[in-house]
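Before any comments, here is the structure.
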Amino acid sequence: MDNMNPKSIIVIFGATGDLAKRKLFPSLYRLYEKGHLNDQFAVVGVARRPLSADEFRNYVRDSVETAFQQKLTDGRFTSHFYYHPFDVTEAESYQRLKSLLEQLDGTYKTEGNRIFYLAMAPEFFGTVTSRLQSEGLTETRGFKRLVIEKPFGHDLASAEKLNDEIRRVFSEREIYRIDHYLGKEMVQNIEVIRFSNAIFEPLWNNRFIANIQITSSETLGVEDRGRYYDHSGALRDMVQNHMLQMVALLAMEPPIKLTTDDIRHEKVKVLRALRPIAHDEVDRYFVRGQYGRGVIHGKNVPAYREEPNVDPDSNTETFVAGKLLIDNFRWAGVPFYIRTGKRMAEKSTKIVVQFKDVPMNLYYRTNETIAPNLLVIHIQPDEGITLHLNGKKTGESTTITAPFQLDYCNNCIDGINTPEAYEKLLYDCMRGDATNFTHWDEVAASWQFVDPISEVWANTKASDFPNYAAGSMGPAAADELLKQDGFHWWPIAHPRP
Ligand SMILES: NC(=O)C1=CN([C@@H]2O[C@H](COP(=O)(O)OP(=O)(O)OC[C@H]3O[C@@H](n4cnc5c(N)ncnc54)[C@H](OP(=O)(O)O)[C@@H]3O)[C@@H](O)[C@H]2O)C=CC1
Ligand SMILES: O=C1O[C@H](COP(=O)(O)O)[C@@H](O)[C@H](O)[C@H]1O
């Protein structure tokens with residue numbers, strides 16, 4: 001029986017940081033408002049700066065009010081929040097945290113259930129988990145769970161090291177590795193659209209699909225994250241995790257059942273079937289880009305190399321396009337094109353499934369071809385699906401066709417307020433459902449695929465950087481990647497009014 005009102009203490013390490021403020025506190029508030037958190041929960045914030053409990057509660061209140069642009073009318077929600085200032089590298093303070101958790105366990109009757117959420121820089125992940133064990137915080141009569149933010153390592157070797165450190169303390173079942181794309185409504189819908197519609201699944205293979213395109217474009221630059229991003233780049237920041245997770249969901253076989261293990265098992269098989277890119281093939285399959293100055297929404301914006309905390313001669317990519325091949329029976333020969341970047345023309349995440357052309361075009365007219373059928377899955381900001389079909393052009397002879405679209409808009413329905421990804425993921429973790437979190441085998445397979453590409457890029461200076469203007473759709477080479485296969489990127493701007 002699903003536990004709809006889980007009880008636990010959530011300890012947030014990095015509680016004064018950007019993620020906690022912008023995502024975690026507002027998500028907890030939404031769960032509270034919806035009645036998914038009964039009164040048996042408490043949140044303990046950990047960070048270095050010296051705040052009193054009241055100051056921390058005001059900080060939480062402020063983050064919720066900012067997120068929802070409304071005033072909290074009372075202190076019921078924030079009364080569940082506590083603050084424990086300490087430097088996580090110092091062993092002594094963990095004992096005091098332990099006493100606080102024991103005391104709160106009695107107050108809120110949380111039955112010893114503890115969630116440790118690491119919302120701080122990854123360099124601390126190993127230290128915190130080992131201290132939690134050595135100081136006895138993981139010895140509890142209830143459940144213990146570890147939520148771990150990205151990035152999970154920098155490459156396969158560092159991810160393995162980190163995994164070994166946390167696995168000494170938590171079992172794989174107790175580890176919830178966050179990939180917030182897996183909490184997005186329409187990413188979760190990929191599986192449902194595929195496996196609950198008789199019209200798609202029989203066509204979902206290399207006999208009927210010509211190619212699949214996944215674009216996740218942003219208009220924002222690196223903002224204040226230059227220090228992290230300049231050592232990461234778009235390949236590690238977006239491709240290794242979010243983009244490959246979407247590929248896995250699109251390409252996986254139907255799971256035997258909808259259990260966490262069965263779904264993960266199918267996703268891992270896809271990631272393992274990705275054709276490895278050898279060092280000398282990187283340029284054939286992947287394109288990197290870095291933005292120069294440009295105009296976004298009518299405003300001039302600086303080049304990447306002019307952003308704060310970015311090396312003025314940086315070789316870091318802010319854009320990646322790639323062609324992936326999945327070497328299995330279902331997908332042999334079907335290219336999966338991915339594209340992601342910062343400072344692009346639109347904020348948009350879309351998947352376009354392009355079906356093969358009909359075997360014989362009866363409606364062919366000189367210099368005209370019939371438009372291919374497309375299934376577009378709109379992930380964000382609009383959510384829904386569009387099916388592109390062809391029909392008779394109204395009033396014309398039957399030989400003249402015109403494209404039309406069947407459109408379903410998920411977030412246009414009155415009253416539907418799609419939950420934030422973090423809201424769903426936090427709730428899943430509290431209920432013990434790890435389906436929408438990444439298993440270690442997925443992380444390892446993704447790094448294995450990405451590592452040769454990042455090695456080549458790290459060792460060769462991109463002489464053409466910056467090679468795309470802010471506000472554009474990336475470098476021309478990304479268009480060439482598809483052109484040489486006879487395809488082109490489908491537009492990502494949505495025609496809805
Ligand atoms: N921000 C975002 O949108 C996203 C963030 N993430 C990931 O989430 C994690 C947190 O990111 P973000 O919130 O942006 O980071 P911030 O730099 O904004 O926050 C870091 C937090 O860690 C605390 N901290 C730093 N050093 C110590 C220490 N020695 N002991 C105790 N607390 C410490 C800081 O508080 P204080 O200074 O008071 O000690 C602060 O609360 C990272 O892993 C990031 O990659 C992932 C996706 C998106
Ligand atoms: O994980 C990350 O994702 C965001 C993009 O997330 P979205 O939900 O807005 O699409 C990206 O900006 C960030 O660099 C990356 O770390």
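Naming scheme: A, B, ... for chains in displayed order of the structure tokens; residues 1 onward per chain; ligands 1 onward as shown.
Using only C-alpha atoms, the residues found no farther than 12 Å from A:Ala476, other than those of its own chain fewer than 4 positions away, are A:Val287, A:Arg288, A:Gly289, A:Phe319, A:Val320, A:Ala321, A:Asp464, A:Asn467, A:Tyr468, A:Ala469, A:Ser472, A:Glu480, A:Leu481, A:Leu482, A:Lys483, A:His488, A:Trp489.
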Could you tell me, counting only C-alpha atoms and all ligand atoms, which protein and nucleic acid residues lie no more than 6 Å from ligand 1, written as an MDAnalysis selection string?
chainID A and resid 14:20 47:49 86:89 119:122 149:151
For the selection you just gave me, I'd like the residues written to a file as an mmCIF file, in the first residue's frame, keeping C-alpha atoms.
```
data_model
loop_
_atom_site.group_PDB
_atom_site.id
_atom_site.type_symbol
_atom_site.label_atom_id
_atom_site.label_comp_id
_atom_site.auth_asym_id
_atom_site.auth_seq_id
_atom_site.Cartn_x
_atom_site.Cartn_y
_atom_site.Cartn_z
ATOM 1 C CA GLY A 14 23.578 23.352 2.210
ATOM 2 C CA ALA A 15 20.298 24.834 3.477
ATOM 3 C CA THR A 16 21.317 28.439 2.839
ATOM 4 C CA GLY A 17 22.283 27.743 -0.781
ATOM 5 C CA ASP A 18 20.633 28.588 -4.054
ATOM 6 C CA LEU A 19 19.074 25.181 -4.657
ATOM 7 C CA ALA A 20 17.457 24.993 -1.227
ATOM 8 C CA ALA A 47 25.179 25.363 6.675
ATOM 9 C CA ARG A 48 28.032 27.392 8.120
ATOM 10 C CA ARG A 49 26.545 30.823 8.532
ATOM 11 C CA PHE A 86 28.310 23.916 11.467
ATOM 12 C CA ASP A 87 31.142 23.213 9.084
ATOM 13 C CA VAL A 88 30.566 19.734 7.712
ATOM 14 C CA THR A 89 34.282 19.000 7.716
ATOM 15 C CA ALA A 119 22.501 20.155 -1.469
ATOM 16 C CA MET A 120 26.060 21.392 -1.384
ATOM 17 C CA ALA A 121 29.207 21.218 -3.486
ATOM 18 C CA PRO A 122 30.076 17.631 -4.497
ATOM 19 C CA GLU A 149 22.651 16.209 -6.105
ATOM 20 C CA LYS A 150 24.488 16.416 -9.363
ATOM 21 C CA PRO A 151 27.183 16.361 -10.539
#
```
Distance query stretch 51-68 of chain A at most 9 Å, only C-alpha atoms, self and fewer than 2 positions along chain excluded, as a PyMOL selection string:
chain A and resi 16+20-23+25-27+29+45+48-49+70-72+75+77-85
Spatial neighbours of A:His231, max dist 10 Å, only C-alpha atoms, sep filter under 5 positions, as a PyMOL selection string
chain A and resi 154+226+236-237+310-311+314-317
Which polymer residues have any atom within 9 Å of an atom of A:Pro452, counting only C-alpha atoms, with same-chain residues fewer than 3 positions away left out, as a ChimeraX atom specification?
/A:276-279,282,448-449,455-457
Please report the interatomic distance between atom CA of A:Met344 and atom CA of A:Gly474 in Å with one decimal.
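Result for atom CA of A:Met344 versus atom CA of A:Gly474: 6.7 Å, one decimal.
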Which neighbours of stretch 131-135 of chain A fall inside 7 Å, counting only C-alpha atoms, when residues of the same chain fewer than 4 positions from it are skipped, and could you give them as a list in words?
Ala91, Tyr94, Gln95, Thr127 and Val169 of chain A
Please write the residues from the selection above to a file, keeping all heavy atoms, as a PDB file, in the first residue's frame.
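part10.pdb, freshly written:
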```pdb
ATOM      1  N   ALA A  91      34.233  17.117  12.702  1.00  0.00           N
ATOM      2  CA  ALA A  91      33.549  15.927  13.210  1.00  0.00           C
ATOM      3  C   ALA A  91      32.671  16.210  14.430  1.00  0.00           C
ATOM      4  O   ALA A  91      31.573  15.660  14.557  1.00  0.00           O
ATOM      5  CB  ALA A  91      34.577  14.855  13.550  1.00  0.00           C
ATOM      6  N   TYR A  94      28.686  16.832  14.559  1.00  0.00           N
ATOM      7  CA  TYR A  94      27.709  15.809  14.168  1.00  0.00           C
ATOM      8  C   TYR A  94      27.003  15.223  15.393  1.00  0.00           C
ATOM      9  O   TYR A  94      25.852  14.796  15.309  1.00  0.00           O
ATOM     10  CB  TYR A  94      28.392  14.696  13.366  1.00  0.00           C
ATOM     11  CG  TYR A  94      28.750  15.112  11.947  1.00  0.00           C
ATOM     12  CD1 TYR A  94      29.914  15.810  11.683  1.00  0.00           C
ATOM     13  CD2 TYR A  94      27.910  14.811  10.878  1.00  0.00           C
ATOM     14  CE1 TYR A  94      30.248  16.203  10.400  1.00  0.00           C
ATOM     15  CE2 TYR A  94      28.231  15.196   9.584  1.00  0.00           C
ATOM     16  CZ  TYR A  94      29.408  15.894   9.346  1.00  0.00           C
ATOM     17  OH  TYR A  94      29.731  16.285   8.065  1.00  0.00           O
ATOM     18  N   GLN A  95      27.722  15.207  16.535  1.00  0.00           N
ATOM     19  CA  GLN A  95      27.101  14.668  17.752  1.00  0.00           C
ATOM     20  C   GLN A  95      25.924  15.546  18.172  1.00  0.00           C
ATOM     21  O   GLN A  95      24.885  15.039  18.577  1.00  0.00           O
ATOM     22  CB  GLN A  95      28.132  14.605  18.886  1.00  0.00           C
ATOM     23  CG  GLN A  95      29.046  13.389  18.787  1.00  0.00           C
ATOM     24  CD  GLN A  95      28.267  12.087  18.773  1.00  0.00           C
ATOM     25  OE1 GLN A  95      27.249  11.945  19.457  1.00  0.00           O
ATOM     26  NE2 GLN A  95      28.721  11.133  17.958  1.00  0.00           N
ATOM     27  N   THR A 127      32.756  13.218   2.482  1.00  0.00           N
ATOM     28  CA  THR A 127      33.017  13.560   3.888  1.00  0.00           C
ATOM     29  C   THR A 127      31.739  13.453   4.707  1.00  0.00           C
ATOM     30  O   THR A 127      31.721  12.847   5.778  1.00  0.00           O
ATOM     31  CB  THR A 127      33.518  15.030   3.993  1.00  0.00           C
ATOM     32  OG1 THR A 127      34.538  15.198   3.033  1.00  0.00           O
ATOM     33  CG2 THR A 127      33.982  15.387   5.366  1.00  0.00           C
ATOM     34  N   VAL A 169      28.271   3.451   3.306  1.00  0.00           N
ATOM     35  CA  VAL A 169      27.329   3.887   4.354  1.00  0.00           C
ATOM     36  C   VAL A 169      25.875   3.580   3.977  1.00  0.00           C
ATOM     37  O   VAL A 169      25.077   3.184   4.816  1.00  0.00           O
ATOM     38  CB  VAL A 169      27.490   5.412   4.585  1.00  0.00           C
ATOM     39  CG1 VAL A 169      26.608   5.882   5.720  1.00  0.00           C
ATOM     40  CG2 VAL A 169      28.953   5.756   4.848  1.00  0.00           C
TER      41      VAL A 169
END
```
As a VMD selection string, please: every residue in stretch 131-258 of chain A that DSSP puts in helix (DSSP H, G or I).
chain A and resid 131 to 134 156 to 167 172 to 174 180 to 183 185 to 195 201 to 203 226 to 229 233 to 251
Excluding A:Val187 and residues on its chain fewer than 3 positions from it, collect all residues at most 9 Å away from it, counting only C-alpha atoms, and give them as number ranges by chain.
A: 181-184, 190-191, 246, 249, 377, 379
Atom CA of A:Asn309 to atom CA of A:Ala159, straight-line distance in Å:
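A separation of 24.9 Å between them.
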If I take atom CA of A:Arg76 and atom CA of A:Asp105, how far is one from the other in Å, to one decimal?
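Between atom CA of A:Arg76 and atom CA of A:Asp105 the gap is 18.1 Å.
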With distances taken over only C-alpha atoms and all ligand atoms, which residue among A:Leu406, A:Leu374, A:Ala303, A:Val222 lies nearest ligand 2?
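So, comparing all the options, the nearest one is A:Val222.
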Name the residues of stretch 223-365 of chain A that come out as strand (DSSP E) in a backbone DSSP run; write them as a PyMOL selection string.
chain A and resi 286-289+291-296+299-301+319-324+336-341+348-355
For A:Lys299, which residue out of A:Pro255, A:Gly395, A:Pro381, A:Gly471 is the nearest one, using only C-alpha atoms?
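Checking each candidate against A:Lys299, we get A:Gly471 as the closest.
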